[in-house]
>>> print(open('data39.cif').read())   # mmCIF, C-alpha atoms
data_input
#
loop_
_atom_site.group_PDB
_atom_site.id
_atom_site.type_symbol
_atom_site.label_atom_id
_atom_site.label_comp_id
_atom_site.auth_asym_id
_atom_site.auth_seq_id
_atom_site.Cartn_x
_atom_site.Cartn_y
_atom_site.Cartn_z
ATOM 1 C CA MET E 24 2.739 5.663 -2.992
ATOM 2 C CA PRO E 25 -0.934 6.201 -2.239
ATOM 3 C CA ASN E 26 -2.946 3.187 -1.296
ATOM 4 C CA THR E 27 -5.803 3.863 -3.641
ATOM 5 C CA THR E 28 -8.732 1.794 -2.603
ATOM 6 C CA SER E 29 -11.254 1.366 -5.330
ATOM 7 C CA PRO E 30 -14.220 -0.835 -6.039
ATOM 8 C CA ALA E 31 -12.674 -4.204 -6.688
ATOM 9 C CA GLY E 32 -13.944 -6.752 -9.112
ATOM 10 C CA ALA E 33 -14.708 -4.494 -12.053
ATOM 11 C CA MET E 34 -11.520 -5.367 -13.877
ATOM 12 C CA ALA E 35 -11.164 -9.078 -13.276
ATOM 13 C CA ARG E 36 -11.756 -10.975 -16.434
ATOM 14 C CA PRO E 37 -13.826 -14.116 -16.194
ATOM 15 C CA GLY E 38 -11.632 -17.160 -15.913
ATOM 16 C CA GLN E 39 -8.713 -15.296 -14.444
ATOM 17 C CA ALA E 40 -9.840 -15.527 -10.859
ATOM 18 C CA ASP E 41 -8.992 -19.224 -10.731
ATOM 19 C CA ILE E 42 -5.466 -18.504 -11.970
ATOM 20 C CA ASP E 43 -4.858 -16.075 -9.157
ATOM 21 C CA ALA E 44 -6.637 -18.171 -6.568
ATOM 22 C CA ALA E 45 -3.983 -20.878 -6.629
ATOM 23 C CA PRO E 46 -0.588 -19.295 -6.118
ATOM 24 C CA PRO E 47 2.405 -21.590 -6.545
ATOM 25 C CA ALA E 48 3.765 -23.107 -3.377
ATOM 26 C CA HIS E 49 6.849 -20.891 -3.268
ATOM 27 C CA ARG E 50 4.625 -17.841 -3.169
ATOM 28 C CA ARG E 51 2.515 -19.122 -0.322
ATOM 29 C CA ALA E 52 5.655 -19.037 1.775
ATOM 30 C CA LEU E 53 5.442 -15.260 1.589
ATOM 31 C CA THR E 54 1.706 -14.825 1.923
ATOM 32 C CA ILE E 55 1.823 -16.329 5.416
ATOM 33 C CA ARG E 56 2.615 -12.973 6.933
ATOM 34 C CA PRO E 57 1.035 -10.344 4.748
ATOM 35 C CA HIS E 58 0.942 -7.560 7.315
ATOM 36 C CA ALA E 59 3.511 -8.604 9.850
ATOM 37 C CA ALA E 60 5.154 -5.197 9.552
ATOM 38 C CA ARG E 61 7.605 -4.168 12.210
ATOM 39 C CA GLN E 62 7.023 -1.254 14.492
ATOM 40 C CA PRO E 63 8.427 2.039 13.268
ATOM 41 C CA ARG E 64 11.790 2.987 14.748
ATOM 42 C CA PRO E 65 11.680 5.602 17.520
ATOM 43 C CA ARG E 66 11.445 9.097 16.108
ATOM 44 C CA TRP E 67 14.696 10.414 17.555
ATOM 45 C CA GLN E 68 16.487 7.448 16.004
ATOM 46 C CA ARG E 69 14.979 8.176 12.603
ATOM 47 C CA PHE E 70 15.867 11.850 13.047
ATOM 48 C CA VAL E 71 19.533 11.043 13.720
ATOM 49 C CA LEU E 72 19.583 8.642 10.760
ATOM 50 C CA ALA E 73 18.065 11.291 8.492
ATOM 51 C CA VAL E 74 20.615 13.885 9.645
ATOM 52 C CA ILE E 75 23.474 11.493 8.867
ATOM 53 C CA VAL E 76 22.157 10.504 5.436
ATOM 54 C CA LEU E 77 21.164 14.018 4.367
ATOM 55 C CA GLY E 78 24.394 15.449 5.770
ATOM 56 C CA ALA E 79 26.464 12.949 3.800
ATOM 57 C CA ILE E 80 24.532 13.729 0.620
ATOM 58 C CA TRP E 81 24.968 17.468 1.184
ATOM 59 C CA ALA E 82 28.674 17.100 1.868
ATOM 60 C CA VAL E 83 29.297 15.141 -1.315
ATOM 61 C CA LEU E 84 27.042 17.346 -3.437
ATOM 62 C CA THR E 85 28.886 20.484 -2.374
ATOM 63 C CA GLY E 86 32.317 18.880 -2.478
ATOM 64 C CA PHE E 87 32.818 19.339 1.289
ATOM 65 C CA ARG E 88 32.782 23.125 0.995
ATOM 66 C CA LEU E 89 32.545 24.800 4.389
ATOM 67 C CA ASP E 90 30.898 27.967 3.102
ATOM 68 C CA ALA E 91 27.998 25.839 1.807
ATOM 69 C CA LEU E 92 27.140 24.841 5.366
ATOM 70 C CA GLY E 93 25.229 28.100 5.830
ATOM 71 C CA PHE E 94 22.538 26.593 3.644
ATOM 72 C CA GLY E 95 23.339 22.980 4.388
ATOM 73 C CA VAL E 96 22.837 22.913 8.143
ATOM 74 C CA PRO E 97 19.323 24.444 8.087
ATOM 75 C CA ALA E 98 18.356 22.352 5.040
ATOM 76 C CA VAL E 99 19.560 19.100 6.601
ATOM 77 C CA LEU E 100 17.951 19.832 9.970
ATOM 78 C CA GLY E 101 14.719 20.963 8.301
ATOM 79 C CA GLY E 102 14.576 17.889 6.095
ATOM 80 C CA ALA E 103 15.349 15.559 8.978
ATOM 81 C CA ALA E 104 12.716 17.273 11.148
ATOM 82 C CA LEU E 105 10.092 15.976 8.724
ATOM 83 C CA VAL E 106 10.226 12.651 10.573
ATOM 84 C CA PHE E 107 8.348 14.423 13.386
ATOM 85 C CA VAL E 108 5.616 15.506 10.978
ATOM 86 C CA LEU E 109 5.178 12.510 8.693
ATOM 87 C CA PRO E 110 3.679 9.247 9.923
ATOM 88 C CA GLY E 111 6.280 6.578 10.631
ATOM 89 C CA ALA E 112 6.762 3.854 8.067
ATOM 90 C CA PRO E 113 7.282 0.312 9.322
ATOM 91 C CA GLY E 114 10.893 -0.317 10.195
ATOM 92 C CA TRP E 115 13.053 -2.498 7.995
ATOM 93 C CA ARG E 116 16.615 -3.595 7.616
ATOM 94 C CA LEU E 117 18.651 -4.604 4.604
ATOM 95 C CA SER E 118 20.571 -7.786 4.029
ATOM 96 C CA PRO E 119 23.871 -6.838 2.323
ATOM 97 C CA GLY E 120 24.049 -10.046 0.286
ATOM 98 C CA GLY E 121 20.406 -9.785 -0.700
ATOM 99 C CA ALA E 122 20.921 -6.148 -1.660
ATOM 100 C CA LEU E 123 23.881 -6.962 -3.893
ATOM 101 C CA ALA E 124 22.031 -9.841 -5.543
ATOM 102 C CA PHE E 125 19.014 -7.595 -6.020
ATOM 103 C CA VAL E 126 21.016 -4.783 -7.641
ATOM 104 C CA ILE E 127 22.611 -7.183 -10.126
ATOM 105 C CA TRP E 128 19.323 -8.900 -10.920
ATOM 106 C CA PHE E 129 17.487 -5.581 -11.128
ATOM 107 C CA SER E 130 20.040 -4.169 -13.589
ATOM 108 C CA ALA E 131 19.755 -7.209 -15.835
ATOM 109 C CA GLN E 132 15.958 -7.147 -15.697
ATOM 110 C CA SER E 133 15.663 -3.446 -16.453
ATOM 111 C CA VAL E 134 17.942 -3.892 -19.471
ATOM 112 C CA ARG E 135 15.767 -6.811 -20.596
ATOM 113 C CA GLY E 136 12.605 -4.749 -20.063
ATOM 114 C CA ALA E 137 13.957 -1.793 -22.018
ATOM 115 C CA VAL E 138 15.293 -3.926 -24.882
ATOM 116 C CA ASP E 139 11.964 -5.761 -25.065
ATOM 117 C CA VAL E 140 9.927 -2.569 -25.283
ATOM 118 C CA ALA E 141 12.416 -0.964 -27.721
ATOM 119 C CA ILE E 142 12.176 -3.959 -30.071
ATOM 120 C CA ARG E 143 8.387 -3.766 -29.900
ATOM 121 C CA ALA E 144 8.463 -0.032 -30.653
ATOM 122 C CA PHE E 145 10.566 -0.543 -33.788
ATOM 123 C CA SER E 146 9.018 -3.796 -35.037
ATOM 124 C CA PRO E 147 6.203 -3.520 -37.591
ATOM 125 C CA ASP E 148 3.499 -5.415 -35.680
ATOM 126 C CA MET E 149 4.765 -4.643 -32.132
ATOM 127 C CA GLY E 150 3.488 -8.010 -30.866
ATOM 128 C CA LEU E 151 1.197 -6.402 -28.328
ATOM 129 C CA ARG E 152 -1.531 -8.287 -26.541
ATOM 130 C CA PRO E 153 -2.204 -5.847 -23.697
ATOM 131 C CA GLY E 154 -4.350 -6.638 -20.711
ATOM 132 C CA PHE E 155 -4.704 -6.357 -16.955
ATOM 133 C CA ARG E 156 -4.072 -8.968 -14.312
ATOM 134 C CA ARG E 157 -4.457 -8.957 -10.562
ATOM 135 C CA HIS E 158 -1.768 -10.082 -8.173
ATOM 136 C CA PRO E 159 -2.158 -10.350 -4.394
ATOM 137 C CA LEU E 160 0.321 -8.223 -2.464
ATOM 138 C CA ALA E 161 2.328 -10.623 -0.333
ATOM 139 C CA LEU E 162 5.028 -8.303 0.964
ATOM 140 C CA PRO E 163 4.472 -6.226 4.108
ATOM 141 C CA GLY E 164 3.602 -2.562 3.725
ATOM 142 C CA GLY E 165 6.190 0.189 3.704
ATOM 143 C CA ALA E 166 9.521 0.001 1.907
ATOM 144 C CA PRO E 167 9.258 -3.622 0.666
ATOM 145 C CA ARG E 168 5.862 -3.015 -0.922
ATOM 146 C CA VAL E 169 6.845 0.328 -2.458
ATOM 147 C CA LEU E 170 9.968 -1.244 -3.934
ATOM 148 C CA PHE E 171 7.890 -4.154 -5.265
ATOM 149 C CA LEU E 172 5.387 -1.841 -6.982
ATOM 150 C CA ASN E 173 8.096 0.328 -8.489
ATOM 151 C CA THR E 174 10.178 -2.606 -9.678
ATOM 152 C CA ILE E 175 7.193 -4.239 -11.420
ATOM 153 C CA THR E 176 7.209 -1.286 -13.807
ATOM 154 C CA LEU E 177 10.832 -1.932 -14.767
ATOM 155 C CA LEU E 178 10.424 -5.652 -15.388
ATOM 156 C CA PRO E 179 9.890 -6.745 -19.005
ATOM 157 C CA GLY E 180 6.303 -6.234 -20.127
ATOM 158 C CA THR E 181 4.716 -5.328 -16.792
ATOM 159 C CA LEU E 182 3.506 -2.044 -15.291
ATOM 160 C CA SER E 183 2.022 -1.589 -11.850
ATOM 161 C CA ALA E 184 -1.173 0.217 -12.774
ATOM 162 C CA GLU E 185 -3.189 0.423 -9.581
ATOM 163 C CA VAL E 186 -3.340 -0.761 -6.011
ATOM 164 C CA ALA E 187 -6.798 -1.963 -5.020
ATOM 165 C CA GLY E 188 -6.923 -3.051 -1.408
ATOM 166 C CA ASP E 189 -4.444 -5.900 -1.044
ATOM 167 C CA GLU E 190 -3.986 -6.475 -4.734
ATOM 168 C CA VAL E 191 -1.924 -4.806 -7.383
ATOM 169 C CA ILE E 192 -3.411 -4.542 -10.851
ATOM 170 C CA VAL E 193 -0.652 -5.098 -13.366
ATOM 171 C CA HIS E 194 -0.816 -3.999 -16.966
ATOM 172 C CA MET E 195 0.928 -6.400 -19.325
ATOM 173 C CA LEU E 196 2.135 -5.767 -22.854
ATOM 174 C CA ASP E 197 1.584 -9.430 -23.594
ATOM 175 C CA GLU E 198 -1.038 -11.174 -21.514
ATOM 176 C CA ARG E 199 0.343 -14.588 -22.395
ATOM 177 C CA ALA E 200 3.471 -14.065 -20.278
ATOM 178 C CA ASP E 201 3.672 -15.922 -16.963
ATOM 179 C CA LEU E 202 2.979 -13.044 -14.604
ATOM 180 C CA ALA E 203 2.596 -15.076 -11.410
ATOM 181 C CA ALA E 204 6.029 -16.682 -11.810
ATOM 182 C CA ASP E 205 7.767 -13.391 -12.632
ATOM 183 C CA LEU E 206 6.227 -11.555 -9.702
ATOM 184 C CA ALA E 207 6.824 -14.443 -7.305
ATOM 185 C CA ALA E 208 10.510 -14.324 -8.264
ATOM 186 C CA LEU E 209 10.535 -10.588 -7.622
ATOM 187 C CA GLU E 210 8.842 -11.044 -4.248
ATOM 188 C CA MET E 211 11.417 -13.622 -3.206
ATOM 189 C CA ARG E 212 14.245 -11.270 -4.136
ATOM 190 C CA ILE E 213 12.749 -8.331 -2.283
ATOM 191 C CA ALA E 214 12.131 -10.559 0.733
ATOM 192 C CA ALA E 215 15.813 -11.520 0.602
ATOM 193 C CA LEU E 216 16.822 -7.873 0.228
ATOM 194 C CA PHE E 217 14.918 -6.884 3.354
ATOM 195 C CA ALA E 218 15.934 -10.055 5.214
ATOM 196 C CA LEU E 219 12.250 -10.917 5.626
ATOM 197 C CA GLN E 220 12.722 -14.641 5.427
ATOM 198 C CA ALA E 221 16.117 -15.254 6.913
ATOM 199 C CA PRO E 222 15.738 -18.318 9.125
ATOM 200 C CA GLY E 223 15.757 -17.136 12.723
ATOM 201 C CA GLY E 224 15.919 -13.543 11.532
ATOM 202 C CA ARG E 225 14.160 -10.767 13.430
ATOM 203 C CA GLY E 226 10.451 -10.906 12.748
ATOM 204 C CA GLY E 227 10.803 -13.909 10.449
ATOM 205 C CA GLU E 228 8.377 -16.737 11.001
ATOM 206 C CA GLY E 229 10.626 -19.220 9.278
ATOM 207 C CA ARG E 230 9.839 -21.332 6.279
ATOM 208 C CA PRO E 231 6.896 -23.675 6.279
ATOM 209 C CA MET X 15 39.693 4.869 -24.880
ATOM 210 C CA ALA X 16 37.401 6.070 -22.103
ATOM 211 C CA ASP X 17 36.172 8.750 -24.492
ATOM 212 C CA ILE X 18 35.158 6.192 -27.101
ATOM 213 C CA LEU X 19 33.430 4.035 -24.507
ATOM 214 C CA ALA X 20 31.637 7.060 -23.055
ATOM 215 C CA ALA X 21 30.514 8.207 -26.503
ATOM 216 C CA GLY X 22 29.300 4.695 -27.319
ATOM 217 C CA LEU X 23 27.299 4.454 -24.105
ATOM 218 C CA MET X 24 25.708 7.852 -24.681
ATOM 219 C CA ALA X 25 24.847 7.001 -28.289
ATOM 220 C CA LEU X 26 23.267 3.750 -27.152
ATOM 221 C CA GLY X 27 21.350 5.670 -24.492
ATOM 222 C CA ALA X 28 20.054 8.023 -27.181
ATOM 223 C CA VAL X 29 18.863 5.001 -29.181
ATOM 224 C CA PHE X 30 16.761 3.925 -26.187
ATOM 225 C CA PHE X 31 15.348 7.426 -25.811
ATOM 226 C CA ILE X 32 14.353 7.316 -29.488
ATOM 227 C CA ALA X 33 12.810 3.870 -28.947
ATOM 228 C CA GLY X 34 10.809 5.237 -26.015
ATOM 229 C CA SER X 35 9.571 8.134 -28.111
ATOM 230 C CA VAL X 36 8.689 5.856 -31.041
ATOM 231 C CA GLY X 37 6.781 3.630 -28.618
ATOM 232 C CA LEU X 38 5.028 6.671 -27.207
ATOM 233 C CA LEU X 39 3.825 7.523 -30.705
ATOM 234 C CA ARG X 40 3.035 4.029 -31.961
ATOM 235 C CA PHE X 41 1.644 2.144 -28.981
ATOM 236 C CA PRO X 42 -2.149 1.962 -28.897
ATOM 237 C CA ASP X 43 -3.151 3.237 -25.447
ATOM 238 C CA VAL X 44 -1.918 5.140 -22.424
ATOM 239 C CA TYR X 45 -0.839 1.996 -20.541
ATOM 240 C CA CYS X 46 1.325 0.610 -23.340
ATOM 241 C CA ARG X 47 2.837 4.062 -23.823
ATOM 242 C CA LEU X 48 3.795 4.148 -20.165
ATOM 243 C CA HIS X 49 5.739 0.903 -20.678
ATOM 244 C CA ALA X 50 7.745 2.591 -23.436
ATOM 245 C CA LEU X 51 8.420 5.719 -21.409
ATOM 246 C CA THR X 52 9.300 4.142 -18.074
ATOM 247 C CA LYS X 53 11.447 1.291 -19.372
ATOM 248 C CA ALA X 54 13.173 2.505 -22.533
ATOM 249 C CA ASP X 55 13.824 6.048 -21.309
ATOM 250 C CA GLY X 56 14.952 4.710 -17.940
ATOM 251 C CA LEU X 57 17.676 2.608 -19.563
ATOM 252 C CA GLY X 58 18.496 5.460 -21.938
ATOM 253 C CA LEU X 59 19.140 7.744 -19.005
ATOM 254 C CA ALA X 60 21.158 5.060 -17.194
ATOM 255 C CA LEU X 61 23.413 4.591 -20.236
ATOM 256 C CA ILE X 62 23.908 8.324 -20.743
ATOM 257 C CA ALA X 63 24.602 8.766 -17.017
ATOM 258 C CA LEU X 64 27.148 5.939 -17.184
ATOM 259 C CA GLY X 65 28.821 7.540 -20.175
ATOM 260 C CA VAL X 66 28.957 10.932 -18.486
ATOM 261 C CA ALA X 67 30.224 9.369 -15.251
ATOM 262 C CA LEU X 68 33.167 7.885 -17.170
ATOM 263 C CA ARG X 69 34.188 11.420 -18.088
ATOM 264 C CA ALA X 70 33.656 12.876 -14.612
ATOM 265 C CA ASP X 71 36.556 14.553 -12.852
ATOM 266 C CA SER X 72 35.723 13.835 -9.246
ATOM 267 C CA PHE X 73 33.888 11.405 -7.048
ATOM 268 C CA GLY X 74 31.443 14.174 -6.140
ATOM 269 C CA GLU X 75 30.438 14.472 -9.781
ATOM 270 C CA VAL X 76 29.907 10.734 -10.131
ATOM 271 C CA PHE X 77 27.811 10.802 -6.983
ATOM 272 C CA ARG X 78 25.697 13.668 -8.323
ATOM 273 C CA ILE X 79 25.110 11.780 -11.577
ATOM 274 C CA LEU X 80 24.161 8.692 -9.573
ATOM 275 C CA LEU X 81 21.700 10.731 -7.488
ATOM 276 C CA ILE X 82 20.130 12.200 -10.623
ATOM 277 C CA TRP X 83 19.699 8.751 -12.107
ATOM 278 C CA PHE X 84 18.244 7.401 -8.865
ATOM 279 C CA PHE X 85 15.690 10.163 -8.401
ATOM 280 C CA VAL X 86 14.629 10.105 -12.046
ATOM 281 C CA ALA X 87 14.226 6.310 -11.898
ATOM 282 C CA VAL X 88 12.072 6.503 -8.754
ATOM 283 C CA ALA X 89 10.069 9.426 -10.122
ATOM 284 C CA SER X 90 9.453 7.696 -13.444
ATOM 285 C CA ALA X 91 8.243 4.440 -11.878
ATOM 286 C CA THR X 92 6.069 6.295 -9.355
ATOM 287 C CA GLY X 93 4.802 8.743 -11.964
ATOM 288 C CA GLY X 94 3.968 5.888 -14.328
ATOM 289 C CA HIS X 95 1.989 4.182 -11.587
ATOM 290 C CA LEU X 96 0.088 7.380 -10.759
ATOM 291 C CA ILE X 97 -0.748 8.093 -14.410
ATOM 292 C CA ALA X 98 -1.959 4.510 -14.913
ATOM 293 C CA ALA X 99 -4.037 4.613 -11.718
ATOM 294 C CA HIS X 100 -5.568 7.903 -12.779
ATOM 295 C CA ALA X 101 -6.295 6.561 -16.266
ATOM 296 C CA ARG X 102 -8.059 3.556 -14.754
ATOM 297 C CA ARG X 103 -10.134 5.781 -12.494
ATOM 298 C CA SER X 104 -11.276 7.945 -15.380
ATOM 299 C CA ASP X 105 -11.930 4.841 -17.496
ATOM 300 C CA ARG X 106 -14.142 3.547 -14.730
ATOM 301 C CA GLU X 107 -16.022 6.808 -14.439
ATOM 302 C CA ALA X 108 -16.456 7.024 -18.213
ATOM 303 C CA GLY X 109 -17.507 3.404 -18.558
ATOM 304 C CA GLU X 110 -19.826 3.204 -15.545
ATOM 305 C CA GLY X 111 -22.102 0.211 -16.025
ATOM 306 C CA GLU X 112 -20.151 -1.310 -18.880
ATOM 307 C CA ALA X 113 -18.902 -4.701 -17.826
ATOM 308 C CA GLY X 114 -15.212 -5.523 -17.980
ATOM 309 C CA ASN X 115 -14.036 -2.239 -19.401
ATOM 310 C CA VAL X 116 -10.534 -1.539 -20.745
#
>>> encode(input="data39.cif", output="structure tokens")
Amino acid sequence: MPNTTSPAGAMARPGQADIDAAPPAHRRALTIRPHAARQPRPRWQRFVLAVIVLGAIWAVLTGFRLDALGFGVPAVLGGAALVFVLPGAPGWRLSPGGALAFVIWFSAQSVRGAVDVAIRAFSPDMGLRPGFRRHPLALPGGAPRVLFLNTITLLPGTLSAEVAGDEVIVHMLDERADLAADLAALEMRIAALFALQAPGGRGGEGRP
Amino acid sequence: MADILAAGLMALGAVFFIAGSVGLLRFPDVYCRLHALTKADGLGLALIALGVALRADSFGEVFRILLIWFFVAVASATGGHLIAAHARRSDREAGEGEAGNV
């Protein structure tokens, strides 16, 4: 996802700055370490990981056919070799429990989001009150932030429209919804998924 | 039994695709339309994929369906973000000097 920097301030509506200026206490817990991203893994390690993942995908896609390896081996090695070309993303690790909780929550939320927008599409007045809001990006860059931005779009009534510096500009179908609370909940879940806040966890600074 | 369930899931998925298309036609601007496309069509595809997966013969097929769903979901969220960001950029360029546009 490109980090589009753009002139900030043009979109903020008067009176909204004070809403965003005072995040709820549970969100401040995350904003303590906005850029405490881990170092990228060593390249050879990422290469081996990519070979394993791509190889497994290839094997299942082709139904473990040996004659498909003529294409598979070069494709897997070529794809994995991209780690030597592309810049390294910050390293991360998953928490299995957090991942399971996230998948369940994410499924329920995306159903809610789709049902909400489907009802609006079919209802006579649609109940739209669209508008933009800013939200400070609390999660570290790399996978957690990309997942956050992509998941915003699947939550009910919100769409990640633009990244401006350290803020995401969210488009809302109904401005009256409590955006800060919804996104803070999402941030907490992604933090749990990536084990960012586990007490005593690697890289974690603990809770305040 | 699995056939009925699969057919029901696919029919429900089609309903969400129709809802996404109706939203695309009825919603007032590009941003609201993106909501309809990313969310309703995303669930529509998930339901159809689930229905098809119920009828799959092998684990490999289920895995392929899962991969398709995953890549479409990522592409639709990322594509929606890129379209919205582009729309905001062109709005800004068109409305240079106008305060608080959009």
>>> resolve_selection(input="data39.cif", expression="the PyMOL selection byres ((chain X) within 8 of (chain E))", output="ChimeraX atom specification")
/X:30,33-34,36-37,40-41,45-46,48-50,52-57,74-75,77-78,88,91-92,94-96,98-99,102,113-116
>>> atom_distance(input="data39.cif", atom1="atom CA of Arg212 of chain E", atom2="atom CA of Phe125 of chain E")
6.3 Å
>>> atom_distance(input="data39.cif", atom1="atom CA of Leu202 of chain E", atom2="atom CA of Leu26 of chain X")
29.2 Å
>>> closest_residue(input="data39.cif", among="E:Leu77, E:Ala207, E:Gly188, E:Asp197", to="Pro97 of chain E", atoms="all atoms listed in the file")
E:Leu77
>>> atom_distance(input="data39.cif", atom1="atom CA of Phe73 of chain X", atom2="atom CA of Leu61 of chain X")
18.2 Å
>>> residues_around(input="data39.cif", residues="Asp17 of chain X", least_positions_apart="5", cutoff="10 Å", atoms="all atoms listed in the file", output="list in words")
Gly22, Leu23, Gly65, Val66, Leu68 and Arg69 of chain X
>>> write_last_selection(input="data39.cif", atoms="C-alpha atoms", output="tab-separated table (two decimals), in the coordinates of the input")
chain	number	residue	atom	x	y	z
X	22	GLY	CA	29.30	4.70	-27.32
X	23	LEU	CA	27.30	4.45	-24.10
X	65	GLY	CA	28.82	7.54	-20.18
X	66	VAL	CA	28.96	10.93	-18.49
X	68	LEU	CA	33.17	7.88	-17.17
X	69	ARG	CA	34.19	11.42	-18.09
>>> resolve_selection(input="data39.cif", expression="the PyMOL selection byres ((chain E and resi 99-105) around 10)", output="ChimeraX atom specification")
/E:66-67,69-81,92,94-98,106-110
>>> axis_aligned_box(input="data39.cif", around="segment 126-142 of chain E", padding_each_side="4 Å", output="JSON")
{"center_x": 16.3, "center_y": -4.9, "center_z": -18.9, "size_x": 20.7, "size_y": 15.9, "size_z": 30.4}
>>> closest_residue(input="data39.cif", among="E:Arg156, E:Arg88, E:Arg64, E:Arg168", to="Arg199 of chain E", atoms="all atoms listed in the file")
E:Arg156
>>> closest_residue(input="data39.cif", among="X:Gly58, X:Asp71, X:Met15, X:Val86", to="Ile32 of chain X", atoms="all atoms listed in the file")
X:Gly58
>>> residues_around(input="data39.cif", residues="Ala214 of chain E", least_positions_apart="3", cutoff="10 Å", atoms="only C-alpha atoms", output="number ranges by chain")
E: 53, 117-118, 121, 161-163, 167-168, 171, 208-211, 217-221
>>> build_atoms(input="data39.cif", residues="segment 81-96 of chain X", atoms="N, CA, C and O atoms", output="tab-separated table (two decimals), in the frame of the given file")
chain	number	residue	atom	x	y	z
X	81	LEU	N	22.91	10.23	-8.15
X	81	LEU	CA	21.70	10.73	-7.49
X	81	LEU	C	20.64	11.13	-8.51
X	81	LEU	O	19.46	10.82	-8.34
X	82	ILE	N	21.09	11.80	-9.59
X	82	ILE	CA	20.13	12.20	-10.62
X	82	ILE	C	19.45	10.97	-11.20
X	82	ILE	O	18.23	10.90	-11.32
X	83	TRP	N	20.27	9.96	-11.54
X	83	TRP	CA	19.70	8.75	-12.11
X	83	TRP	C	18.70	8.13	-11.13
X	83	TRP	O	17.59	7.76	-11.51
X	84	PHE	N	19.10	8.06	-9.86
X	84	PHE	CA	18.24	7.40	-8.86
X	84	PHE	C	16.91	8.12	-8.74
X	84	PHE	O	15.84	7.50	-8.78
X	85	PHE	N	16.94	9.44	-8.61
X	85	PHE	CA	15.69	10.16	-8.40
X	85	PHE	C	14.82	10.13	-9.65
X	85	PHE	O	13.60	10.04	-9.55
X	86	VAL	N	15.43	10.19	-10.83
X	86	VAL	CA	14.63	10.10	-12.05
X	86	VAL	C	14.00	8.72	-12.15
X	86	VAL	O	12.83	8.59	-12.52
X	87	ALA	N	14.77	7.67	-11.81
X	87	ALA	CA	14.23	6.31	-11.90
X	87	ALA	C	13.03	6.15	-10.95
X	87	ALA	O	11.99	5.61	-11.34
X	88	VAL	N	13.17	6.62	-9.72
X	88	VAL	CA	12.07	6.50	-8.75
X	88	VAL	C	10.88	7.34	-9.22
X	88	VAL	O	9.73	6.88	-9.20
X	89	ALA	N	11.16	8.56	-9.69
X	89	ALA	CA	10.07	9.43	-10.12
X	89	ALA	C	9.36	8.84	-11.33
X	89	ALA	O	8.13	8.94	-11.44
X	90	SER	N	10.10	8.21	-12.23
X	90	SER	CA	9.45	7.70	-13.44
X	90	SER	C	8.59	6.48	-13.12
X	90	SER	O	7.46	6.36	-13.62
X	91	ALA	N	9.07	5.59	-12.25
X	91	ALA	CA	8.24	4.44	-11.88
X	91	ALA	C	7.01	4.89	-11.09
X	91	ALA	O	5.89	4.44	-11.35
X	92	THR	N	7.20	5.82	-10.15
X	92	THR	CA	6.07	6.30	-9.36
X	92	THR	C	5.10	7.09	-10.22
X	92	THR	O	3.88	6.91	-10.14
X	93	GLY	N	5.66	7.97	-11.08
X	93	GLY	CA	4.80	8.74	-11.96
X	93	GLY	C	4.01	7.85	-12.92
X	93	GLY	O	2.83	8.09	-13.15
X	94	GLY	N	4.66	6.82	-13.45
X	94	GLY	CA	3.97	5.89	-14.33
X	94	GLY	C	2.81	5.21	-13.62
X	94	GLY	O	1.71	5.09	-14.17
X	95	HIS	N	3.05	4.82	-12.38
X	95	HIS	CA	1.99	4.18	-11.59
X	95	HIS	C	0.83	5.16	-11.37
X	95	HIS	O	-0.34	4.80	-11.52
X	96	LEU	N	1.15	6.40	-11.04
X	96	LEU	CA	0.09	7.38	-10.76
X	96	LEU	C	-0.72	7.70	-12.02
X	96	LEU	O	-1.95	7.82	-11.96
